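Novice: Dropping in query.txt, with compact mmCIF, N, CA and C atoms.
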# COMPACT_ATOMS: atom_id res chain seq x y z
N MET A 1 -5.79 3.95 12.14
CA MET A 1 -5.00 3.84 13.35
C MET A 1 -5.22 5.10 14.16
N GLY A 2 -5.55 4.97 15.42
CA GLY A 2 -5.74 6.13 16.28
C GLY A 2 -4.74 6.10 17.41
N GLY A 3 -4.60 7.20 18.13
CA GLY A 3 -3.68 7.26 19.25
C GLY A 3 -2.58 8.25 18.98
N ASN A 4 -1.39 7.99 19.55
CA ASN A 4 -0.26 8.89 19.42
C ASN A 4 0.48 8.62 18.12
N VAL A 5 0.05 9.26 17.07
CA VAL A 5 0.69 9.03 15.77
C VAL A 5 2.00 9.80 15.63
N SER A 6 2.29 10.71 16.56
CA SER A 6 3.53 11.49 16.45
C SER A 6 4.77 10.62 16.65
N ALA A 7 4.63 9.42 17.20
CA ALA A 7 5.76 8.52 17.40
C ALA A 7 6.04 7.66 16.16
N ILE A 8 5.17 7.73 15.16
CA ILE A 8 5.32 6.89 13.97
C ILE A 8 6.18 7.60 12.95
N LEU A 9 7.16 6.87 12.43
CA LEU A 9 8.02 7.39 11.37
C LEU A 9 7.30 7.19 10.04
N LEU A 10 6.91 8.28 9.42
CA LEU A 10 6.23 8.22 8.13
C LEU A 10 7.23 8.55 7.03
N PRO A 11 7.31 7.70 6.02
CA PRO A 11 8.21 8.00 4.91
C PRO A 11 7.76 9.28 4.20
N ALA A 12 8.72 10.02 3.68
CA ALA A 12 8.42 11.25 2.95
C ALA A 12 7.61 10.93 1.70
N ALA A 13 6.74 11.85 1.34
CA ALA A 13 5.93 11.68 0.13
C ALA A 13 6.84 11.59 -1.09
N ARG A 14 6.47 10.69 -1.99
CA ARG A 14 7.25 10.48 -3.22
C ARG A 14 6.28 10.27 -4.36
N ALA A 15 6.83 10.18 -5.55
CA ALA A 15 5.99 9.86 -6.71
C ALA A 15 5.38 8.49 -6.49
N SER A 16 4.11 8.35 -6.85
CA SER A 16 3.43 7.07 -6.72
C SER A 16 3.95 6.13 -7.79
N GLN A 17 4.91 5.30 -7.39
CA GLN A 17 5.54 4.37 -8.32
C GLN A 17 5.99 3.12 -7.58
N PHE A 18 6.34 2.09 -8.35
CA PHE A 18 6.82 0.85 -7.77
C PHE A 18 8.10 1.10 -6.98
N ALA A 19 8.22 0.44 -5.81
CA ALA A 19 9.45 0.48 -5.02
C ALA A 19 9.57 -0.82 -4.25
N ASP A 20 10.76 -1.40 -4.24
CA ASP A 20 11.04 -2.63 -3.49
C ASP A 20 11.25 -2.33 -2.02
N ARG A 21 11.08 -3.35 -1.21
CA ARG A 21 11.43 -3.38 0.21
C ARG A 21 10.65 -2.37 1.05
N LEU A 22 9.43 -2.08 0.65
CA LEU A 22 8.60 -1.15 1.42
C LEU A 22 8.33 -1.67 2.82
N TRP A 23 8.32 -2.99 3.00
CA TRP A 23 8.01 -3.61 4.28
C TRP A 23 9.08 -3.33 5.34
N GLU A 24 10.19 -2.72 4.97
CA GLU A 24 11.22 -2.41 5.96
C GLU A 24 10.89 -1.15 6.76
N HIS A 25 9.82 -0.46 6.39
CA HIS A 25 9.41 0.78 7.06
C HIS A 25 7.88 0.75 7.22
N THR A 26 7.31 1.83 7.68
CA THR A 26 5.86 1.89 7.84
C THR A 26 5.20 1.57 6.51
N CYS A 27 4.33 0.56 6.52
CA CYS A 27 3.77 0.04 5.28
C CYS A 27 2.49 -0.75 5.59
N LEU A 28 1.52 -0.64 4.71
CA LEU A 28 0.32 -1.47 4.80
C LEU A 28 0.45 -2.58 3.77
N GLU A 29 -0.04 -3.78 4.12
CA GLU A 29 0.09 -4.92 3.23
C GLU A 29 -1.21 -5.71 3.16
N ALA A 30 -1.45 -6.25 1.99
CA ALA A 30 -2.56 -7.19 1.79
C ALA A 30 -2.00 -8.39 1.05
N PHE A 31 -2.36 -9.57 1.49
CA PHE A 31 -1.98 -10.82 0.83
C PHE A 31 -3.27 -11.46 0.34
N VAL A 32 -3.30 -11.86 -0.93
CA VAL A 32 -4.51 -12.41 -1.53
C VAL A 32 -4.16 -13.77 -2.13
N ALA A 33 -4.84 -14.83 -1.67
CA ALA A 33 -4.62 -16.17 -2.22
C ALA A 33 -5.20 -16.23 -3.62
N ASP A 34 -4.51 -16.93 -4.52
CA ASP A 34 -5.02 -17.06 -5.88
C ASP A 34 -5.63 -18.45 -6.10
N ALA A 35 -6.20 -18.65 -7.27
CA ALA A 35 -6.92 -19.89 -7.58
C ALA A 35 -5.98 -21.08 -7.81
N GLN A 36 -4.68 -20.85 -7.95
CA GLN A 36 -3.73 -21.93 -8.23
C GLN A 36 -2.91 -22.35 -7.01
N GLY A 37 -3.25 -21.86 -5.82
CA GLY A 37 -2.52 -22.25 -4.62
C GLY A 37 -1.39 -21.30 -4.25
N GLY A 38 -1.19 -20.26 -5.03
CA GLY A 38 -0.20 -19.25 -4.70
C GLY A 38 -0.88 -18.04 -4.08
N TYR A 39 -0.18 -16.93 -4.07
CA TYR A 39 -0.76 -15.71 -3.51
C TYR A 39 -0.03 -14.49 -4.04
N TYR A 40 -0.65 -13.35 -3.82
CA TYR A 40 -0.10 -12.06 -4.19
C TYR A 40 0.14 -11.25 -2.92
N GLU A 41 1.20 -10.48 -2.92
CA GLU A 41 1.51 -9.56 -1.83
C GLU A 41 1.44 -8.14 -2.40
N LEU A 42 0.61 -7.31 -1.78
CA LEU A 42 0.46 -5.92 -2.20
C LEU A 42 0.94 -5.03 -1.06
N ASN A 43 1.93 -4.18 -1.33
CA ASN A 43 2.50 -3.28 -0.33
C ASN A 43 2.17 -1.84 -0.70
N PHE A 44 1.77 -1.06 0.31
CA PHE A 44 1.44 0.34 0.09
C PHE A 44 2.05 1.17 1.21
N SER A 45 2.88 2.11 0.82
CA SER A 45 3.54 2.98 1.77
C SER A 45 2.79 4.30 1.90
N PRO A 46 2.82 4.91 3.09
CA PRO A 46 2.26 6.26 3.21
C PRO A 46 2.95 7.26 2.28
N SER A 47 4.13 6.92 1.77
CA SER A 47 4.82 7.79 0.81
C SER A 47 4.10 7.82 -0.54
N THR A 48 3.16 6.92 -0.75
CA THR A 48 2.38 6.62 -1.96
C THR A 48 3.12 5.67 -2.91
N GLN A 49 4.29 5.18 -2.52
CA GLN A 49 4.94 4.14 -3.31
C GLN A 49 4.22 2.82 -3.05
N TRP A 50 4.38 1.87 -3.96
CA TRP A 50 3.66 0.61 -3.87
C TRP A 50 4.49 -0.50 -4.50
N ALA A 51 4.08 -1.74 -4.24
CA ALA A 51 4.69 -2.92 -4.87
C ALA A 51 3.66 -4.04 -4.88
N ILE A 52 3.70 -4.85 -5.93
CA ILE A 52 2.85 -6.05 -6.01
C ILE A 52 3.74 -7.20 -6.45
N TYR A 53 3.71 -8.29 -5.68
CA TYR A 53 4.51 -9.48 -5.96
C TYR A 53 3.61 -10.70 -6.03
N GLN A 54 4.07 -11.70 -6.78
CA GLN A 54 3.37 -12.98 -6.86
C GLN A 54 4.28 -14.06 -6.30
N PHE A 55 3.66 -15.02 -5.59
CA PHE A 55 4.38 -16.18 -5.05
C PHE A 55 3.65 -17.43 -5.51
N SER A 56 4.39 -18.49 -5.86
CA SER A 56 3.76 -19.75 -6.29
C SER A 56 3.29 -20.57 -5.09
N GLY A 57 3.85 -20.31 -3.93
CA GLY A 57 3.51 -20.98 -2.69
C GLY A 57 4.18 -20.25 -1.55
N TYR A 58 4.15 -20.82 -0.36
CA TYR A 58 4.68 -20.15 0.83
C TYR A 58 6.13 -19.68 0.62
N ARG A 59 6.29 -18.38 0.43
CA ARG A 59 7.58 -17.71 0.23
C ARG A 59 8.37 -18.27 -0.96
N ASN A 60 7.69 -18.90 -1.91
CA ASN A 60 8.37 -19.49 -3.08
C ASN A 60 8.17 -18.66 -4.33
N ASP A 61 9.23 -18.55 -5.13
CA ASP A 61 9.18 -17.97 -6.47
C ASP A 61 8.60 -16.56 -6.49
N MET A 62 9.14 -15.69 -5.68
CA MET A 62 8.68 -14.30 -5.66
C MET A 62 9.02 -13.61 -6.98
N SER A 63 8.01 -12.99 -7.58
CA SER A 63 8.24 -12.22 -8.80
C SER A 63 7.38 -10.96 -8.78
N ARG A 64 7.91 -9.94 -9.37
CA ARG A 64 7.19 -8.66 -9.45
C ARG A 64 6.04 -8.79 -10.43
N VAL A 65 4.89 -8.25 -10.09
CA VAL A 65 3.73 -8.24 -10.99
C VAL A 65 3.75 -6.93 -11.77
N GLU A 66 3.75 -7.05 -13.08
CA GLU A 66 3.69 -5.88 -13.94
C GLU A 66 2.23 -5.49 -14.08
N VAL A 67 1.91 -4.26 -13.81
CA VAL A 67 0.53 -3.80 -13.89
C VAL A 67 0.38 -2.82 -15.05
N THR A 68 -0.80 -2.86 -15.67
CA THR A 68 -1.06 -1.94 -16.76
C THR A 68 -1.48 -0.58 -16.24
N GLN A 69 -2.09 -0.58 -15.06
CA GLN A 69 -2.51 0.67 -14.43
C GLN A 69 -1.97 0.68 -13.01
N PRO A 70 -1.05 1.57 -12.67
CA PRO A 70 -0.49 1.58 -11.32
C PRO A 70 -1.54 1.90 -10.26
N PRO A 71 -1.38 1.36 -9.06
CA PRO A 71 -2.30 1.71 -7.98
C PRO A 71 -2.27 3.21 -7.70
N GLN A 72 -3.39 3.72 -7.27
CA GLN A 72 -3.49 5.12 -6.85
C GLN A 72 -3.48 5.14 -5.33
N CYS A 73 -2.53 5.84 -4.74
CA CYS A 73 -2.38 5.89 -3.29
C CYS A 73 -2.46 7.34 -2.82
N ARG A 74 -3.14 7.53 -1.69
CA ARG A 74 -3.22 8.85 -1.05
C ARG A 74 -3.11 8.67 0.45
N MET A 75 -2.29 9.50 1.08
CA MET A 75 -2.15 9.44 2.53
C MET A 75 -2.80 10.67 3.15
N HIS A 76 -3.45 10.45 4.29
CA HIS A 76 -4.05 11.53 5.07
C HIS A 76 -3.56 11.35 6.50
N SER A 77 -3.08 12.43 7.12
CA SER A 77 -2.67 12.31 8.51
C SER A 77 -3.17 13.50 9.31
N GLY A 78 -3.48 13.23 10.55
CA GLY A 78 -3.93 14.26 11.48
C GLY A 78 -3.23 14.05 12.80
N ASP A 79 -3.71 14.71 13.83
CA ASP A 79 -3.10 14.59 15.15
C ASP A 79 -3.26 13.21 15.76
N THR A 80 -4.38 12.55 15.45
CA THR A 80 -4.66 11.26 16.09
C THR A 80 -4.92 10.14 15.11
N SER A 81 -4.74 10.38 13.83
CA SER A 81 -5.01 9.29 12.88
C SER A 81 -4.18 9.44 11.60
N ILE A 82 -3.99 8.30 10.98
CA ILE A 82 -3.32 8.21 9.69
C ILE A 82 -4.15 7.27 8.85
N SER A 83 -4.40 7.62 7.61
CA SER A 83 -5.08 6.69 6.72
C SER A 83 -4.41 6.74 5.35
N VAL A 84 -4.43 5.61 4.70
CA VAL A 84 -3.92 5.51 3.34
C VAL A 84 -5.04 4.94 2.49
N ASP A 85 -5.47 5.69 1.49
CA ASP A 85 -6.49 5.22 0.55
C ASP A 85 -5.79 4.67 -0.68
N VAL A 86 -6.22 3.48 -1.10
CA VAL A 86 -5.59 2.82 -2.23
C VAL A 86 -6.66 2.32 -3.18
N LEU A 87 -6.45 2.54 -4.45
CA LEU A 87 -7.31 2.00 -5.50
C LEU A 87 -6.42 1.16 -6.41
N VAL A 88 -6.73 -0.15 -6.49
CA VAL A 88 -5.92 -1.08 -7.27
C VAL A 88 -6.80 -1.75 -8.31
N GLU A 89 -6.37 -1.75 -9.55
CA GLU A 89 -7.08 -2.44 -10.63
C GLU A 89 -6.53 -3.87 -10.70
N LEU A 90 -7.33 -4.85 -10.24
CA LEU A 90 -6.87 -6.24 -10.19
C LEU A 90 -7.34 -7.06 -11.38
N ALA A 91 -8.05 -6.46 -12.31
CA ALA A 91 -8.57 -7.22 -13.46
C ALA A 91 -7.46 -7.82 -14.30
N GLY A 92 -6.27 -7.25 -14.26
CA GLY A 92 -5.15 -7.77 -15.05
C GLY A 92 -4.47 -8.97 -14.42
N ILE A 93 -4.97 -9.45 -13.28
CA ILE A 93 -4.39 -10.61 -12.62
C ILE A 93 -5.39 -11.75 -12.73
N PRO A 94 -5.30 -12.56 -13.80
CA PRO A 94 -6.32 -13.58 -14.05
C PRO A 94 -6.43 -14.66 -12.99
N ALA A 95 -5.38 -14.91 -12.22
CA ALA A 95 -5.44 -15.96 -11.20
C ALA A 95 -6.35 -15.57 -10.04
N LEU A 96 -6.71 -14.29 -9.95
CA LEU A 96 -7.65 -13.86 -8.91
C LEU A 96 -9.05 -13.94 -9.49
N CYS A 97 -9.66 -15.08 -9.29
CA CYS A 97 -10.96 -15.38 -9.88
C CYS A 97 -12.06 -14.56 -9.19
N PRO A 98 -12.76 -13.71 -9.93
CA PRO A 98 -13.80 -12.88 -9.30
C PRO A 98 -15.05 -13.66 -8.91
N GLN A 99 -15.21 -14.92 -9.37
CA GLN A 99 -16.40 -15.70 -9.04
C GLN A 99 -16.27 -16.47 -7.73
N ALA A 100 -15.08 -16.49 -7.15
CA ALA A 100 -14.86 -17.24 -5.91
C ALA A 100 -14.49 -16.28 -4.79
N PRO A 101 -14.73 -16.68 -3.54
CA PRO A 101 -14.30 -15.82 -2.42
C PRO A 101 -12.79 -15.67 -2.42
N TRP A 102 -12.32 -14.54 -1.97
CA TRP A 102 -10.88 -14.30 -1.82
C TRP A 102 -10.50 -14.47 -0.37
N LYS A 103 -9.42 -15.21 -0.13
CA LYS A 103 -8.84 -15.34 1.20
C LYS A 103 -7.75 -14.29 1.32
N LEU A 104 -7.83 -13.47 2.38
CA LEU A 104 -6.92 -12.34 2.55
C LEU A 104 -6.20 -12.39 3.89
N ALA A 105 -5.00 -11.84 3.89
CA ALA A 105 -4.27 -11.51 5.11
C ALA A 105 -4.04 -10.00 5.05
N LEU A 106 -4.51 -9.28 6.05
CA LEU A 106 -4.36 -7.83 6.10
C LEU A 106 -3.38 -7.49 7.22
N CYS A 107 -2.37 -6.68 6.89
CA CYS A 107 -1.25 -6.48 7.81
C CYS A 107 -0.70 -5.06 7.73
N ALA A 108 0.11 -4.72 8.72
CA ALA A 108 0.81 -3.43 8.72
C ALA A 108 2.13 -3.57 9.45
N VAL A 109 3.12 -2.87 8.94
CA VAL A 109 4.39 -2.70 9.62
C VAL A 109 4.40 -1.24 10.07
N ILE A 110 4.63 -1.02 11.36
CA ILE A 110 4.68 0.34 11.90
C ILE A 110 6.08 0.58 12.45
N GLU A 111 6.77 1.58 11.88
CA GLU A 111 8.10 1.94 12.35
C GLU A 111 7.98 3.22 13.18
N GLU A 112 8.59 3.19 14.36
CA GLU A 112 8.57 4.36 15.23
C GLU A 112 9.81 5.21 15.00
N LEU A 113 9.80 6.42 15.52
CA LEU A 113 10.91 7.36 15.32
C LEU A 113 12.23 6.80 15.81
N ASP A 114 12.20 5.92 16.85
CA ASP A 114 13.44 5.35 17.38
C ASP A 114 13.90 4.11 16.61
N GLY A 115 13.19 3.75 15.52
CA GLY A 115 13.57 2.60 14.70
C GLY A 115 12.87 1.31 15.09
N THR A 116 12.17 1.29 16.21
CA THR A 116 11.42 0.11 16.62
C THR A 116 10.32 -0.17 15.60
N ARG A 117 10.17 -1.44 15.23
CA ARG A 117 9.09 -1.83 14.32
C ARG A 117 8.15 -2.78 15.04
N SER A 118 6.86 -2.61 14.77
CA SER A 118 5.87 -3.56 15.26
C SER A 118 5.10 -4.09 14.05
N TYR A 119 4.60 -5.30 14.20
CA TYR A 119 3.97 -6.00 13.08
C TYR A 119 2.54 -6.36 13.48
N TRP A 120 1.58 -5.84 12.72
CA TRP A 120 0.17 -5.98 13.03
C TRP A 120 -0.51 -6.81 11.96
N ALA A 121 -1.38 -7.71 12.37
CA ALA A 121 -2.10 -8.55 11.41
C ALA A 121 -3.39 -9.04 12.05
N LEU A 122 -4.30 -9.50 11.21
CA LEU A 122 -5.52 -10.09 11.72
C LEU A 122 -5.22 -11.36 12.50
N ALA A 123 -4.12 -12.05 12.13
CA ALA A 123 -3.72 -13.27 12.83
C ALA A 123 -2.22 -13.48 12.67
N HIS A 124 -1.58 -13.97 13.74
CA HIS A 124 -0.19 -14.42 13.70
C HIS A 124 -0.21 -15.91 14.09
N PRO A 125 -0.57 -16.81 13.18
CA PRO A 125 -0.80 -18.21 13.54
C PRO A 125 0.44 -18.97 14.00
N SER A 126 1.62 -18.52 13.62
CA SER A 126 2.82 -19.25 14.03
C SER A 126 3.38 -18.71 15.34
N GLY A 127 2.66 -17.77 15.98
CA GLY A 127 3.12 -17.21 17.24
C GLY A 127 4.07 -16.04 17.07
N ARG A 128 4.56 -15.85 15.88
CA ARG A 128 5.43 -14.71 15.59
C ARG A 128 4.95 -14.08 14.28
N PRO A 129 5.27 -12.83 14.05
CA PRO A 129 4.81 -12.20 12.80
C PRO A 129 5.36 -12.92 11.57
N ASP A 130 4.48 -13.43 10.75
CA ASP A 130 4.83 -14.06 9.47
C ASP A 130 3.63 -13.88 8.57
N PHE A 131 3.59 -12.74 7.89
CA PHE A 131 2.44 -12.39 7.08
C PHE A 131 2.20 -13.39 5.94
N HIS A 132 3.23 -14.13 5.54
CA HIS A 132 3.11 -15.10 4.44
C HIS A 132 2.51 -16.43 4.89
N HIS A 133 2.46 -16.69 6.17
CA HIS A 133 2.00 -17.97 6.70
C HIS A 133 0.57 -18.25 6.19
N PRO A 134 0.31 -19.45 5.67
CA PRO A 134 -1.03 -19.75 5.16
C PRO A 134 -2.15 -19.50 6.18
N GLY A 135 -1.86 -19.67 7.47
CA GLY A 135 -2.85 -19.44 8.50
C GLY A 135 -3.15 -17.97 8.73
N SER A 136 -2.41 -17.08 8.08
CA SER A 136 -2.66 -15.63 8.20
C SER A 136 -3.83 -15.19 7.32
N PHE A 137 -4.18 -16.01 6.35
CA PHE A 137 -5.23 -15.66 5.40
C PHE A 137 -6.60 -15.95 6.03
N VAL A 138 -7.00 -15.14 6.99
CA VAL A 138 -8.19 -15.41 7.79
C VAL A 138 -9.41 -14.59 7.39
N PHE A 139 -9.23 -13.61 6.54
CA PHE A 139 -10.36 -12.78 6.12
C PHE A 139 -10.84 -13.26 4.77
N GLU A 140 -12.14 -13.46 4.64
CA GLU A 140 -12.70 -13.91 3.36
C GLU A 140 -13.58 -12.82 2.78
N LEU A 141 -13.28 -12.44 1.55
CA LEU A 141 -14.07 -11.44 0.83
C LEU A 141 -14.94 -12.17 -0.17
N PRO A 142 -16.27 -12.10 -0.04
CA PRO A 142 -17.13 -12.83 -0.95
C PRO A 142 -17.07 -12.23 -2.35
N PRO A 143 -17.40 -13.04 -3.35
CA PRO A 143 -17.43 -12.51 -4.72
C PRO A 143 -18.54 -11.47 -4.85
N PRO A 144 -18.37 -10.55 -5.80
CA PRO A 144 -19.43 -9.55 -5.98
C PRO A 144 -20.72 -10.22 -6.46
N PRO A 145 -21.88 -9.61 -6.17
CA PRO A 145 -23.15 -10.19 -6.64
C PRO A 145 -23.14 -10.28 -8.16
N SER A 146 -23.77 -11.32 -8.65
CA SER A 146 -23.83 -11.51 -10.11
C SER A 146 -24.68 -10.41 -10.72
N SER A 147 -24.21 -9.90 -11.85
CA SER A 147 -24.98 -8.87 -12.55
C SER A 147 -25.70 -9.45 -13.74
N GLN A 148 -25.71 -10.80 -13.86
CA GLN A 148 -26.40 -11.43 -14.97
C GLN A 148 -27.90 -11.13 -14.88
N GLY A 149 -28.48 -10.81 -15.99
CA GLY A 149 -29.90 -10.58 -16.07
C GLY A 149 -30.31 -9.16 -15.70
N GLN A 150 -29.32 -8.36 -15.23
CA GLN A 150 -29.64 -6.98 -14.91
C GLN A 150 -29.26 -6.08 -16.07
N GLN A 151 -30.04 -5.07 -16.31
CA GLN A 151 -29.77 -4.14 -17.40
C GLN A 151 -29.32 -2.84 -16.84
Could you render the structure from this file as structure tokens?

Specialist:
Amino acid sequence: MGGNVSAILLPAARASQFADRLWEHTCLEAFVADAQGGYYELNFSPSTQWAIYQFSGYRNDMSRVEVTQPPQCRMHSGDTSISVDVLVELAGIPALCPQAPWKLALCAVIEELDGTRSYWALAHPSGRPDFHHPGSFVFELPPPPSSQGQQ
């Protein structure tokens, strides 16, 4: 993100650990469709806190995903930019099939110093911000190249 970042309310740095309701403040989000018709929601705060949830369908059966290795988050900020680097080990989520393309929704909630929030996404198909909407999953990540036969 470039521009006037001084107007953005950044949460204070905290221990990199699970935290609920990160979407109520400045937060980056990724939604990943799974092979069974559900999806995962991954939230990452500039504070380095994170959350991963699973849904069986559109806003149905939200449950926290227990991870064996917590995501690693790092925030970098300057006068004109903010970036959050995240490394997530997804191998423990079997419903995310590595042999098939992944359908993604990439989003951000930006909270300003005055409390105003804006909602950014690759697509808002319902005309209003709804990151869970099936039509939001507009980015496709191809499966990694096969390593069969390579030594």

Novice: As an MDAnalysis selection string, please: every residue in segment 2-129 of chain A that DSSP puts in strand (DSSP E).

Specialist: chainID A and resid 27:33 39:44 50:55 63:64 72:77 82:87 102:111 117:121

Novice: Kindly give the distance, in Å, that separates atom C of Pro101 of chain A and atom C of Pro143 of chain A, rounded to a single decimal.

Specialist: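 The value is 7.5 Å.
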
Novice: Taking into account only N, CA and C atoms, which residue in the set A:Met75, A:Asp20, A:Trp120, A:Arg128 is nearest to Leu106 of chain A?

Specialist: A:Trp120

Novice: Smallest atom-to-atom distance to Leu113 of chain A: which of A:Leu87, A:Val5, A:Ala95, A:Met62, using only C-alpha atoms?

Specialist: A:Val5

Novice: Using Å and a single decimal, report how far atom CA of Arg64 of chain A sits from atom CA of Ser118 of chain A.

Specialist: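 Atom CA of Arg64 of chain A lies 25.3 Å from atom CA of Ser118 of chain A.
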
Novice: Using only C-alpha atoms, find each residue in segment 61-139 of chain A having at least one atom no more than 9 Å away from segment 34-56 of chain A; report its shortest atom-to-atom pair and that distance in Å (one decimal), rows by chain then rising number, as CSV.

Specialist:
residue,atom,partner,partner_atom,distance
A:Asp61,CA,A:Phe55,CA,5.3
A:Met62,CA,A:Phe55,CA,4.7
A:Ser63,CA,A:Gln54,CA,5.3
A:Arg64,CA,A:Tyr53,CA,4.5
A:Val65,CA,A:Tyr53,CA,5.2
A:Glu66,CA,A:Ile52,CA,8.0
A:Val67,CA,A:Ile52,CA,8.5
A:Pro70,CA,A:Trp50,CA,8.6
A:Pro71,CA,A:Trp50,CA,7.3
A:Gln72,CA,A:Thr48,CA,7.8
A:Cys73,CA,A:Thr48,CA,5.0
A:Arg74,CA,A:Thr48,CA,6.1
A:Met75,CA,A:Pro46,CA,5.5
A:His76,CA,A:Pro46,CA,8.4
A:Ile82,CA,A:Pro46,CA,8.8
A:Ser83,CA,A:Pro46,CA,8.1
A:Val84,CA,A:Pro46,CA,6.2
A:Val86,CA,A:Phe44,CA,7.8
A:Pro94,CA,A:Asp34,CA,9.0
A:Ala95,CA,A:Asp34,CA,5.4
A:Leu96,CA,A:Asp34,CA,5.1
A:Cys97,CA,A:Ala35,CA,6.5
A:Ala100,CA,A:Ala35,CA,8.5
A:Trp102,CA,A:Asp34,CA,7.6
A:Lys103,CA,A:Asp34,CA,8.2
A:His132,CA,A:Glu41,CA,8.5

Novice: Atom CA of Phe18 of chain A to atom CA of Val109 of chain A: how many Å, to one decimal?

Specialist: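 If I compute the distance from atom CA of Phe18 of chain A to atom CA of Val109 of chain A, I get 17.9 Å.
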
Novice: Which residues are close to segment 134-140 of chain A, i.e. within 7 Å by only N, CA and C atoms, leaving aside same-chain residues fewer than 3 positions away? Reply as number ranges by chain.

Specialist: A: 31, 58, 101-106, 122-126, 130-131

Novice: Which is closest to Ile110 of chain A among A:Asn60, A:Ser77, A:Asn4, A:Thr26, if we use only N, CA and C atoms?

Specialist: A:Thr26

Novice: From the options A:Leu22, A:Ile93, A:Ala7, A:Leu141, which residue's atoms come nearest to Glu112 of chain A, counting all atoms listed in the file?

Specialist: A:Ala7

Novice: Got a sec to tell me which of chain A DSSP assigns to helix (DSSP H, G or I), as a ChimeraX atom specification?

Specialist: /A:5-7,22-24,134-136

Novice: Could those selected residues go to a file with N, CA and C atoms, as an mmCIF file, in the coordinates of the input?

Specialist:
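Wrote selection-v3.cif, looks like this:
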data_model
loop_
_atom_site.group_PDB
_atom_site.id
_atom_site.type_symbol
_atom_site.label_atom_id
_atom_site.label_comp_id
_atom_site.auth_asym_id
_atom_site.auth_seq_id
_atom_site.Cartn_x
_atom_site.Cartn_y
_atom_site.Cartn_z
ATOM 1 N N VAL A 5 0.050 9.260 17.070
ATOM 2 C CA VAL A 5 0.690 9.030 15.770
ATOM 3 C C VAL A 5 2.000 9.800 15.630
ATOM 4 N N SER A 6 2.290 10.710 16.560
ATOM 5 C CA SER A 6 3.530 11.490 16.450
ATOM 6 C C SER A 6 4.770 10.620 16.650
ATOM 7 N N ALA A 7 4.630 9.420 17.200
ATOM 8 C CA ALA A 7 5.760 8.520 17.400
ATOM 9 C C ALA A 7 6.040 7.660 16.160
ATOM 10 N N LEU A 22 9.430 -2.080 0.650
ATOM 11 C CA LEU A 22 8.600 -1.150 1.420
ATOM 12 C C LEU A 22 8.330 -1.670 2.820
ATOM 13 N N TRP A 23 8.320 -2.990 3.000
ATOM 14 C CA TRP A 23 8.010 -3.610 4.280
ATOM 15 C C TRP A 23 9.080 -3.330 5.340
ATOM 16 N N GLU A 24 10.190 -2.720 4.970
ATOM 17 C CA GLU A 24 11.220 -2.410 5.960
ATOM 18 C C GLU A 24 10.890 -1.150 6.760
ATOM 19 N N PRO A 134 0.310 -19.450 5.670
ATOM 20 C CA PRO A 134 -1.030 -19.750 5.160
ATOM 21 C C PRO A 134 -2.150 -19.500 6.180
ATOM 22 N N GLY A 135 -1.860 -19.670 7.470
ATOM 23 C CA GLY A 135 -2.850 -19.440 8.500
ATOM 24 C C GLY A 135 -3.150 -17.970 8.730
ATOM 25 N N SER A 136 -2.410 -17.080 8.080
ATOM 26 C CA SER A 136 -2.660 -15.630 8.200
ATOM 27 C C SER A 136 -3.830 -15.190 7.320
#

Novice: Return the single residue from A:Ser81, A:Pro142, A:Cys107, A:Pro129 that is closest to Cys27 of chain A, with distances computed using only N, CA and C atoms.

Specialist: A:Cys107
